[in-house]
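See below for protein.pdb, which holds PDB, N, CA and C atoms, pLDDT in the B column.
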```pdb
MODEL        1
ATOM      1  N   MET A 345     120.934 122.053 121.537  1.00 94.00           N
ATOM      2  CA  MET A 345     119.972 121.957 120.449  1.00 94.00           C
ATOM      3  C   MET A 345     119.800 120.479 120.100  1.00 94.00           C
ATOM      4  N   LYS A 346     118.566 120.107 119.831  1.00 96.00           N
ATOM      5  CA  LYS A 346     118.201 118.739 119.476  1.00 96.00           C
ATOM      6  C   LYS A 346     117.413 118.803 118.174  1.00 96.00           C
ATOM      7  N   SER A 347     117.602 117.814 117.303  1.00 96.00           N
ATOM      8  CA  SER A 347     116.833 117.800 116.052  1.00 96.00           C
ATOM      9  C   SER A 347     116.662 116.371 115.555  1.00 96.00           C
ATOM     10  N   PHE A 348     115.700 116.197 114.661  1.00 96.00           N
ATOM     11  CA  PHE A 348     115.512 114.922 113.979  1.00 96.00           C
ATOM     12  C   PHE A 348     114.818 115.178 112.649  1.00 96.00           C
ATOM     13  N   GLU A 349     114.994 114.249 111.734  1.00 97.00           N
ATOM     14  CA  GLU A 349     114.315 114.302 110.444  1.00 97.00           C
ATOM     15  C   GLU A 349     113.295 113.172 110.383  1.00 97.00           C
ATOM     16  N   TYR A 350     112.224 113.423 109.650  1.00 96.00           N
ATOM     17  CA  TYR A 350     111.172 112.425 109.521  1.00 96.00           C
ATOM     18  C   TYR A 350     110.619 112.455 108.098  1.00 96.00           C
ATOM     19  N   VAL A 351     110.434 111.273 107.512  1.00 97.00           N
ATOM     20  CA  VAL A 351     109.827 111.155 106.186  1.00 97.00           C
ATOM     21  C   VAL A 351     108.331 110.907 106.383  1.00 97.00           C
ATOM     22  N   ILE A 352     107.515 111.779 105.791  1.00 96.00           N
ATOM     23  CA  ILE A 352     106.059 111.690 105.924  1.00 96.00           C
ATOM     24  C   ILE A 352     105.554 110.421 105.236  1.00 96.00           C
ATOM     25  N   LYS A 353     104.799 109.625 105.980  1.00 95.00           N
ATOM     26  CA  LYS A 353     104.273 108.368 105.447  1.00 95.00           C
ATOM     27  C   LYS A 353     102.774 108.440 105.138  1.00 95.00           C
ATOM     28  N   ASP A 354     102.062 109.345 105.775  1.00 93.00           N
ATOM     29  CA  ASP A 354     100.618 109.479 105.572  1.00 93.00           C
ATOM     30  C   ASP A 354     100.329 109.886 104.124  1.00 93.00           C
ATOM     31  N   VAL A 355      99.370 109.214 103.496  1.00 92.00           N
ATOM     32  CA  VAL A 355      99.037 109.509 102.095  1.00 92.00           C
ATOM     33  C   VAL A 355      98.532 110.935 101.897  1.00 92.00           C
ATOM     34  N   HIS A 356      98.031 111.561 102.959  1.00 91.00           N
ATOM     35  CA  HIS A 356      97.522 112.931 102.871  1.00 91.00           C
ATOM     36  C   HIS A 356      98.573 113.961 103.267  1.00 91.00           C
ATOM     37  N   GLY A 357      99.769 113.513 103.620  1.00 89.00           N
ATOM     38  CA  GLY A 357     100.806 114.440 104.068  1.00 89.00           C
ATOM     39  C   GLY A 357     100.443 115.008 105.430  1.00 89.00           C
ATOM     40  N   ILE A 358     100.998 116.162 105.743  1.00 88.00           N
ATOM     41  CA  ILE A 358     100.640 116.819 107.010  1.00 88.00           C
ATOM     42  C   ILE A 358      99.370 117.605 106.751  1.00 88.00           C
ATOM     43  N   HIS A 359      98.269 117.110 107.292  1.00 86.00           N
ATOM     44  CA  HIS A 359      96.975 117.749 107.072  1.00 86.00           C
ATOM     45  C   HIS A 359      96.431 118.302 108.384  1.00 86.00           C
ATOM     46  N   ALA A 360      95.269 118.897 108.341  1.00 86.00           N
ATOM     47  CA  ALA A 360      94.736 119.707 109.447  1.00 86.00           C
ATOM     48  C   ALA A 360      94.640 118.995 110.793  1.00 86.00           C
ATOM     49  N   ARG A 361      94.097 117.789 110.828  1.00 89.00           N
ATOM     50  CA  ARG A 361      93.894 117.130 112.126  1.00 89.00           C
ATOM     51  C   ARG A 361      95.208 116.861 112.858  1.00 89.00           C
ATOM     52  N   PRO A 362      96.179 116.158 112.238  1.00 89.00           N
ATOM     53  CA  PRO A 362      97.420 115.928 112.976  1.00 89.00           C
ATOM     54  C   PRO A 362      98.227 117.213 113.195  1.00 89.00           C
ATOM     55  N   ALA A 363      98.122 118.161 112.286  1.00 89.00           N
ATOM     56  CA  ALA A 363      98.825 119.432 112.471  1.00 89.00           C
ATOM     57  C   ALA A 363      98.280 120.169 113.694  1.00 89.00           C
ATOM     58  N   THR A 364      96.971 120.126 113.890  1.00 90.00           N
ATOM     59  CA  THR A 364      96.345 120.752 115.059  1.00 90.00           C
ATOM     60  C   THR A 364      96.806 120.069 116.340  1.00 90.00           C
ATOM     61  N   ASP A 365      96.791 118.744 116.352  1.00 91.00           N
ATOM     62  CA  ASP A 365      97.242 117.996 117.534  1.00 91.00           C
ATOM     63  C   ASP A 365      98.706 118.278 117.833  1.00 91.00           C
ATOM     64  N   LEU A 366      99.514 118.348 116.793  1.00 90.00           N
ATOM     65  CA  LEU A 366     100.936 118.629 116.966  1.00 90.00           C
ATOM     66  C   LEU A 366     101.160 120.032 117.520  1.00 90.00           C
ATOM     67  N   PHE A 367     100.412 120.996 117.012  1.00 89.00           N
ATOM     68  CA  PHE A 367     100.540 122.362 117.512  1.00 89.00           C
ATOM     69  C   PHE A 367     100.171 122.443 118.989  1.00 89.00           C
ATOM     70  N   LYS A 368      99.091 121.781 119.379  1.00 91.00           N
ATOM     71  CA  LYS A 368      98.688 121.786 120.793  1.00 91.00           C
ATOM     72  C   LYS A 368      99.794 121.209 121.668  1.00 91.00           C
ATOM     73  N   MET A 369     100.465 120.181 121.179  1.00 90.00           N
ATOM     74  CA  MET A 369     101.558 119.572 121.917  1.00 90.00           C
ATOM     75  C   MET A 369     102.742 120.532 122.025  1.00 90.00           C
ATOM     76  N   VAL A 370     103.134 121.109 120.919  1.00 90.00           N
ATOM     77  CA  VAL A 370     104.328 121.965 120.858  1.00 90.00           C
ATOM     78  C   VAL A 370     104.191 123.225 121.701  1.00 90.00           C
ATOM     79  N   LYS A 371     102.995 123.812 121.751  1.00 89.00           N
ATOM     80  CA  LYS A 371     102.849 125.070 122.493  1.00 89.00           C
ATOM     81  C   LYS A 371     103.035 124.886 123.998  1.00 89.00           C
ATOM     82  N   GLY A 372     103.034 123.639 124.483  1.00 90.00           N
ATOM     83  CA  GLY A 372     103.237 123.382 125.897  1.00 90.00           C
ATOM     84  C   GLY A 372     104.696 123.256 126.312  1.00 90.00           C
ATOM     85  N   TYR A 373     105.606 123.296 125.364  1.00 93.00           N
ATOM     86  CA  TYR A 373     107.027 123.136 125.683  1.00 93.00           C
ATOM     87  C   TYR A 373     107.703 124.467 125.962  1.00 93.00           C
ATOM     88  N   ASP A 374     108.748 124.407 126.759  1.00 93.00           N
ATOM     89  CA  ASP A 374     109.548 125.587 127.074  1.00 93.00           C
ATOM     90  C   ASP A 374     110.804 125.574 126.207  1.00 93.00           C
ATOM     91  N   CYS A 375     110.589 125.578 124.906  1.00 95.00           N
ATOM     92  CA  CYS A 375     111.706 125.635 123.962  1.00 95.00           C
ATOM     93  C   CYS A 375     111.173 126.156 122.626  1.00 95.00           C
ATOM     94  N   VAL A 376     112.095 126.601 121.799  1.00 95.00           N
ATOM     95  CA  VAL A 376     111.735 127.056 120.464  1.00 95.00           C
ATOM     96  C   VAL A 376     111.750 125.835 119.548  1.00 95.00           C
ATOM     97  N   VAL A 377     110.660 125.646 118.821  1.00 95.00           N
ATOM     98  CA  VAL A 377     110.548 124.519 117.897  1.00 95.00           C
ATOM     99  C   VAL A 377     110.487 125.085 116.483  1.00 95.00           C
ATOM    100  N   LYS A 378     111.366 124.556 115.629  1.00 95.00           N
ATOM    101  CA  LYS A 378     111.353 124.956 114.221  1.00 95.00           C
ATOM    102  C   LYS A 378     111.134 123.712 113.388  1.00 95.00           C
ATOM    103  N   VAL A 379     110.466 123.896 112.264  1.00 93.00           N
ATOM    104  CA  VAL A 379     110.221 122.794 111.339  1.00 93.00           C
ATOM    105  C   VAL A 379     110.618 123.271 109.942  1.00 93.00           C
ATOM    106  N   ALA A 380     111.269 122.385 109.200  1.00 95.00           N
ATOM    107  CA  ALA A 380     111.764 122.765 107.873  1.00 95.00           C
ATOM    108  C   ALA A 380     111.488 121.668 106.866  1.00 95.00           C
ATOM    109  N   LYS A 381     111.261 122.106 105.628  1.00 95.00           N
ATOM    110  CA  LYS A 381     111.174 121.199 104.487  1.00 95.00           C
ATOM    111  C   LYS A 381     112.023 121.831 103.399  1.00 95.00           C
ATOM    112  N   GLY A 382     113.085 121.136 103.026  1.00 93.00           N
ATOM    113  CA  GLY A 382     114.004 121.716 102.049  1.00 93.00           C
ATOM    114  C   GLY A 382     114.654 122.962 102.617  1.00 93.00           C
ATOM    115  N   ASP A 383     114.620 124.047 101.862  1.00 93.00           N
ATOM    116  CA  ASP A 383     115.242 125.305 102.282  1.00 93.00           C
ATOM    117  C   ASP A 383     114.313 126.195 103.094  1.00 93.00           C
ATOM    118  N   VAL A 384     113.078 125.775 103.277  1.00 93.00           N
ATOM    119  CA  VAL A 384     112.092 126.596 103.990  1.00 93.00           C
ATOM    120  C   VAL A 384     111.999 126.132 105.438  1.00 93.00           C
ATOM    121  N   GLU A 385     112.296 127.057 106.361  1.00 94.00           N
ATOM    122  CA  GLU A 385     112.216 126.748 107.786  1.00 94.00           C
ATOM    123  C   GLU A 385     111.252 127.723 108.448  1.00 94.00           C
ATOM    124  N   LYS A 386     110.406 127.190 109.314  1.00 92.00           N
ATOM    125  CA  LYS A 386     109.415 128.003 110.025  1.00 92.00           C
ATOM    126  C   LYS A 386     109.543 127.769 111.517  1.00 92.00           C
ATOM    127  N   THR A 387     109.401 128.839 112.292  1.00 92.00           N
ATOM    128  CA  THR A 387     109.280 128.688 113.735  1.00 92.00           C
ATOM    129  C   THR A 387     107.855 128.247 114.006  1.00 92.00           C
ATOM    130  N   PHE A 388     107.711 127.199 114.787  1.00 86.00           N
ATOM    131  CA  PHE A 388     106.405 126.576 115.015  1.00 86.00           C
ATOM    132  C   PHE A 388     105.649 127.359 116.086  1.00 86.00           C
ATOM    133  N   LYS A 389     105.130 128.536 115.698  1.00 84.00           N
ATOM    134  CA  LYS A 389     104.371 129.382 116.626  1.00 84.00           C
ATOM    135  C   LYS A 389     102.868 129.300 116.385  1.00 84.00           C
ATOM    136  N   GLY A 390     102.489 128.679 115.304  1.00 81.00           N
ATOM    137  CA  GLY A 390     101.072 128.577 114.982  1.00 81.00           C
ATOM    138  C   GLY A 390     100.825 127.429 114.030  1.00 81.00           C
ATOM    139  N   LEU A 391      99.599 127.063 113.902  1.00 82.00           N
ATOM    140  CA  LEU A 391      99.194 125.949 113.046  1.00 82.00           C
ATOM    141  C   LEU A 391      99.632 126.157 111.599  1.00 82.00           C
ATOM    142  N   LEU A 392      99.553 127.376 111.126  1.00 84.00           N
ATOM    143  CA  LEU A 392      99.897 127.644 109.729  1.00 84.00           C
ATOM    144  C   LEU A 392     101.376 127.445 109.429  1.00 84.00           C
ATOM    145  N   ALA A 393     102.218 127.500 110.457  1.00 81.00           N
ATOM    146  CA  ALA A 393     103.654 127.304 110.238  1.00 81.00           C
ATOM    147  C   ALA A 393     103.915 125.942 109.599  1.00 81.00           C
ATOM    148  N   ILE A 394     103.322 124.915 110.162  1.00 84.00           N
ATOM    149  CA  ILE A 394     103.559 123.574 109.615  1.00 84.00           C
ATOM    150  C   ILE A 394     102.716 123.315 108.370  1.00 84.00           C
ATOM    151  N   MET A 395     101.510 123.849 108.335  1.00 85.00           N
ATOM    152  CA  MET A 395     100.646 123.644 107.168  1.00 85.00           C
ATOM    153  C   MET A 395     101.227 124.329 105.922  1.00 85.00           C
ATOM    154  N   SER A 396     101.867 125.471 106.098  1.00 87.00           N
ATOM    155  CA  SER A 396     102.391 126.225 104.953  1.00 87.00           C
ATOM    156  C   SER A 396     103.574 125.534 104.278  1.00 87.00           C
ATOM    157  N   LEU A 397     104.158 124.541 104.930  1.00 89.00           N
ATOM    158  CA  LEU A 397     105.253 123.804 104.294  1.00 89.00           C
ATOM    159  C   LEU A 397     104.745 122.917 103.159  1.00 89.00           C
ATOM    160  N   GLY A 398     103.471 122.556 103.202  1.00 89.00           N
ATOM    161  CA  GLY A 398     102.903 121.706 102.157  1.00 89.00           C
ATOM    162  C   GLY A 398     103.568 120.337 102.096  1.00 89.00           C
ATOM    163  N   ALA A 399     103.917 119.773 103.249  1.00 92.00           N
ATOM    164  CA  ALA A 399     104.607 118.484 103.291  1.00 92.00           C
ATOM    165  C   ALA A 399     103.664 117.361 102.876  1.00 92.00           C
ATOM    166  N   LYS A 400     104.089 116.622 101.865  1.00 94.00           N
ATOM    167  CA  LYS A 400     103.294 115.531 101.318  1.00 94.00           C
ATOM    168  C   LYS A 400     103.972 114.193 101.609  1.00 94.00           C
ATOM    169  N   GLN A 401     103.263 113.128 101.327  1.00 95.00           N
ATOM    170  CA  GLN A 401     103.824 111.795 101.526  1.00 95.00           C
ATOM    171  C   GLN A 401     105.161 111.678 100.794  1.00 95.00           C
ATOM    172  N   GLY A 402     106.180 111.180 101.482  1.00 96.00           N
ATOM    173  CA  GLY A 402     107.509 111.027 100.893  1.00 96.00           C
ATOM    174  C   GLY A 402     108.441 112.193 101.150  1.00 96.00           C
ATOM    175  N   ASP A 403     107.901 113.341 101.579  1.00 96.00           N
ATOM    176  CA  ASP A 403     108.736 114.505 101.882  1.00 96.00           C
ATOM    177  C   ASP A 403     109.438 114.310 103.230  1.00 96.00           C
ATOM    178  N   THR A 404     110.636 114.869 103.350  1.00 96.00           N
ATOM    179  CA  THR A 404     111.371 114.848 104.611  1.00 96.00           C
ATOM    180  C   THR A 404     111.222 116.198 105.283  1.00 96.00           C
ATOM    181  N   VAL A 405     110.843 116.172 106.556  1.00 95.00           N
ATOM    182  CA  VAL A 405     110.777 117.396 107.351  1.00 95.00           C
ATOM    183  C   VAL A 405     111.787 117.271 108.486  1.00 95.00           C
ATOM    184  N   LYS A 406     112.336 118.399 108.884  1.00 96.00           N
ATOM    185  CA  LYS A 406     113.314 118.414 109.974  1.00 96.00           C
ATOM    186  C   LYS A 406     112.772 119.286 111.096  1.00 96.00           C
ATOM    187  N   PHE A 407     112.753 118.727 112.293  1.00 96.00           N
ATOM    188  CA  PHE A 407     112.349 119.456 113.489  1.00 96.00           C
ATOM    189  C   PHE A 407     113.594 119.796 114.289  1.00 96.00           C
ATOM    190  N   THR A 408     113.661 121.029 114.786  1.00 96.00           N
ATOM    191  CA  THR A 408     114.772 121.483 115.613  1.00 96.00           C
ATOM    192  C   THR A 408     114.198 122.064 116.897  1.00 96.00           C
ATOM    193  N   PHE A 409     114.816 121.731 118.014  1.00 97.00           N
ATOM    194  CA  PHE A 409     114.344 122.148 119.342  1.00 97.00           C
ATOM    195  C   PHE A 409     115.503 122.803 120.079  1.00 97.00           C
ATOM    196  N   GLU A 410     115.231 123.966 120.695  1.00 97.00           N
ATOM    197  CA  GLU A 410     116.269 124.641 121.459  1.00 97.00           C
ATOM    198  C   GLU A 410     115.639 125.310 122.672  1.00 97.00           C
ATOM    199  N   GLY A 411     116.042 124.865 123.860  1.00 94.00           N
ATOM    200  CA  GLY A 411     115.509 125.448 125.076  1.00 94.00           C
ATOM    201  C   GLY A 411     115.518 124.468 126.226  1.00 94.00           C
ATOM    202  N   ALA A 412     114.865 124.853 127.300  1.00 94.00           N
ATOM    203  CA  ALA A 412     114.919 124.132 128.565  1.00 94.00           C
ATOM    204  C   ALA A 412     114.491 122.664 128.471  1.00 94.00           C
ATOM    205  N   ASP A 413     113.426 122.369 127.758  1.00 94.00           N
ATOM    206  CA  ASP A 413     112.963 120.982 127.691  1.00 94.00           C
ATOM    207  C   ASP A 413     113.064 120.390 126.281  1.00 94.00           C
ATOM    208  N   GLU A 414     114.133 120.752 125.581  1.00 95.00           N
ATOM    209  CA  GLU A 414     114.313 120.308 124.197  1.00 95.00           C
ATOM    210  C   GLU A 414     114.385 118.781 124.069  1.00 95.00           C
ATOM    211  N   GLU A 415     115.005 118.105 125.023  1.00 95.00           N
ATOM    212  CA  GLU A 415     115.108 116.643 124.966  1.00 95.00           C
ATOM    213  C   GLU A 415     113.720 116.001 125.009  1.00 95.00           C
ATOM    214  N   LYS A 416     112.918 116.415 125.972  1.00 95.00           N
ATOM    215  CA  LYS A 416     111.559 115.883 126.123  1.00 95.00           C
ATOM    216  C   LYS A 416     110.719 116.217 124.896  1.00 95.00           C
ATOM    217  N   ALA A 417     110.789 117.457 124.450  1.00 95.00           N
ATOM    218  CA  ALA A 417     110.005 117.889 123.294  1.00 95.00           C
ATOM    219  C   ALA A 417     110.367 117.080 122.051  1.00 95.00           C
ATOM    220  N   ALA A 418     111.654 116.920 121.794  1.00 96.00           N
ATOM    221  CA  ALA A 418     112.098 116.183 120.609  1.00 96.00           C
ATOM    222  C   ALA A 418     111.609 114.735 120.655  1.00 96.00           C
ATOM    223  N   ALA A 419     111.730 114.104 121.806  1.00 96.00           N
ATOM    224  CA  ALA A 419     111.302 112.709 121.936  1.00 96.00           C
ATOM    225  C   ALA A 419     109.800 112.565 121.723  1.00 96.00           C
ATOM    226  N   GLU A 420     109.018 113.440 122.313  1.00 95.00           N
ATOM    227  CA  GLU A 420     107.561 113.339 122.202  1.00 95.00           C
ATOM    228  C   GLU A 420     107.066 113.694 120.805  1.00 95.00           C
ATOM    229  N   VAL A 421     107.661 114.694 120.171  1.00 95.00           N
ATOM    230  CA  VAL A 421     107.244 115.060 118.812  1.00 95.00           C
ATOM    231  C   VAL A 421     107.633 113.954 117.828  1.00 95.00           C
ATOM    232  N   GLU A 422     108.807 113.376 118.003  1.00 96.00           N
ATOM    233  CA  GLU A 422     109.211 112.285 117.117  1.00 96.00           C
ATOM    234  C   GLU A 422     108.259 111.095 117.261  1.00 96.00           C
ATOM    235  N   GLU A 423     107.885 110.770 118.469  1.00 96.00           N
ATOM    236  CA  GLU A 423     106.935 109.682 118.709  1.00 96.00           C
ATOM    237  C   GLU A 423     105.575 109.999 118.074  1.00 96.00           C
ATOM    238  N   PHE A 424     105.130 111.256 118.197  1.00 94.00           N
ATOM    239  CA  PHE A 424     103.869 111.687 117.588  1.00 94.00           C
ATOM    240  C   PHE A 424     103.929 111.497 116.067  1.00 94.00           C
ATOM    241  N   MET A 425     105.016 111.924 115.468  1.00 94.00           N
ATOM    242  CA  MET A 425     105.152 111.816 114.007  1.00 94.00           C
ATOM    243  C   MET A 425     105.090 110.356 113.578  1.00 94.00           C
ATOM    244  N   LYS A 426     105.778 109.486 114.286  1.00 95.00           N
ATOM    245  CA  LYS A 426     105.783 108.069 113.929  1.00 95.00           C
ATOM    246  C   LYS A 426     104.384 107.454 114.077  1.00 95.00           C
ATOM    247  N   ALA A 427     103.648 107.882 115.075  1.00 93.00           N
ATOM    248  CA  ALA A 427     102.323 107.316 115.330  1.00 93.00           C
ATOM    249  C   ALA A 427     101.229 107.891 114.429  1.00 93.00           C
ATOM    250  N   ASN A 428     101.422 109.119 113.938  1.00 90.00           N
ATOM    251  CA  ASN A 428     100.332 109.803 113.235  1.00 90.00           C
ATOM    252  C   ASN A 428     100.609 110.209 111.789  1.00 90.00           C
ATOM    253  N   LEU A 429     101.838 110.301 111.412  1.00 89.00           N
ATOM    254  CA  LEU A 429     102.138 110.777 110.060  1.00 89.00           C
ATOM    255  C   LEU A 429     103.181 109.908 109.383  1.00 89.00           C
TER     256      LEU A 429
ENDMDL
END
```
Structure translated into structure tokens:
Amino acid sequence: MKSFEYVIKDVHGIHARPATDLFKMVKGYDCVVKVAKGDVEKTFKGLLAIMSLGAKQGDTVKFTFEGADEEKAAAEVEEFMKANL
């Protein structure tokens, strides 16, 4: 299992455009991806999973990856977050 935490820097938080791009990226991996904010954790199976967290600027989200390509997935998602959110 691989995981990382990220503090949202975008003034709009996690909004539709980057959430859509992130979902397209995640659905291509051969691992289970979960995202959490506080005590709420969602399996990233659809766009609404990440949008329903309501992550705003300054919030910390935690991504967890478990499966065949968890290392690659974690690295690419972390890079995406740094570049876009």
Near segment 374-386 of chain A, counting only C-alpha atoms, which residues have an atom at most 9 Å away, once you skip same-chain residues fewer than 4 positions from it, shown as a count of residues only? 21
Hey, could you pull the box centre and edge lengths for segment 390-409 of chain A, axis-aligned, 8 Å padding per side, all listed atoms, to one decimal in Å, as AutoDock Vina command-line options?
```
--center_x 107.3 --center_y 119.9 --center_z 110.4 --size_x 32.3 --size_y 33.7 --size_z 35.3
```
Compile the contact shell of Ala360 of chain A as a count of residues only: residues with an atom at most 9 Å away, counting only C-alpha atoms, same-chain residues fewer than 4 positions apart removed. 4
As a VMD selection string, list the residues of chain A assigned to helix (DSSP H, G or I) by DSSP on the backbone atoms of this structure. chain A and resid 360 to 370 391 to 395 414 to 428
Selection near Gly402 of chain A, 8 Å with only N, CA and C atoms, sequence-local residues under 2 positions removed, as a ChimeraX atom specification: /A:350-355,357,399-400,404-405
Record the distance separating atom CA of Glu349 of chain A and atom CA of Gly372 of chain A, expressed in Å with one decimal.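 So the two atoms, atom CA of Glu349 of chain A and atom CA of Gly372 of chain A, lie 21.1 Å apart.
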Tell me, in Å to one decimal, how far atom C of His356 of chain A is from atom C of Tyr373 of chain A.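 Atom C of Tyr373 of chain A lies 26.6 Å from atom C of His356 of chain A.
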Just to confirm, what's the straight-line distance from atom CA of Glu422 of chain A to atom CA of Arg361 of chain A in Å (one decimal)? 16.8 Å
Per DSSP on the backbone, filter chain A down to the residues in strand (DSSP E) and report them as a list in words.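 Here are the strand (DSSP E) residues of chain A: Lys346, Ser347, Phe348, Glu349, Tyr350, Val351, Cys375, Val376, Val377, Lys378, Val379, Ala380, Lys381, Val384, Glu385, Lys386, Thr387, Thr404, Val405, Lys406, Phe407, Thr408, Phe409, Glu410 and Gly411 of chain A.
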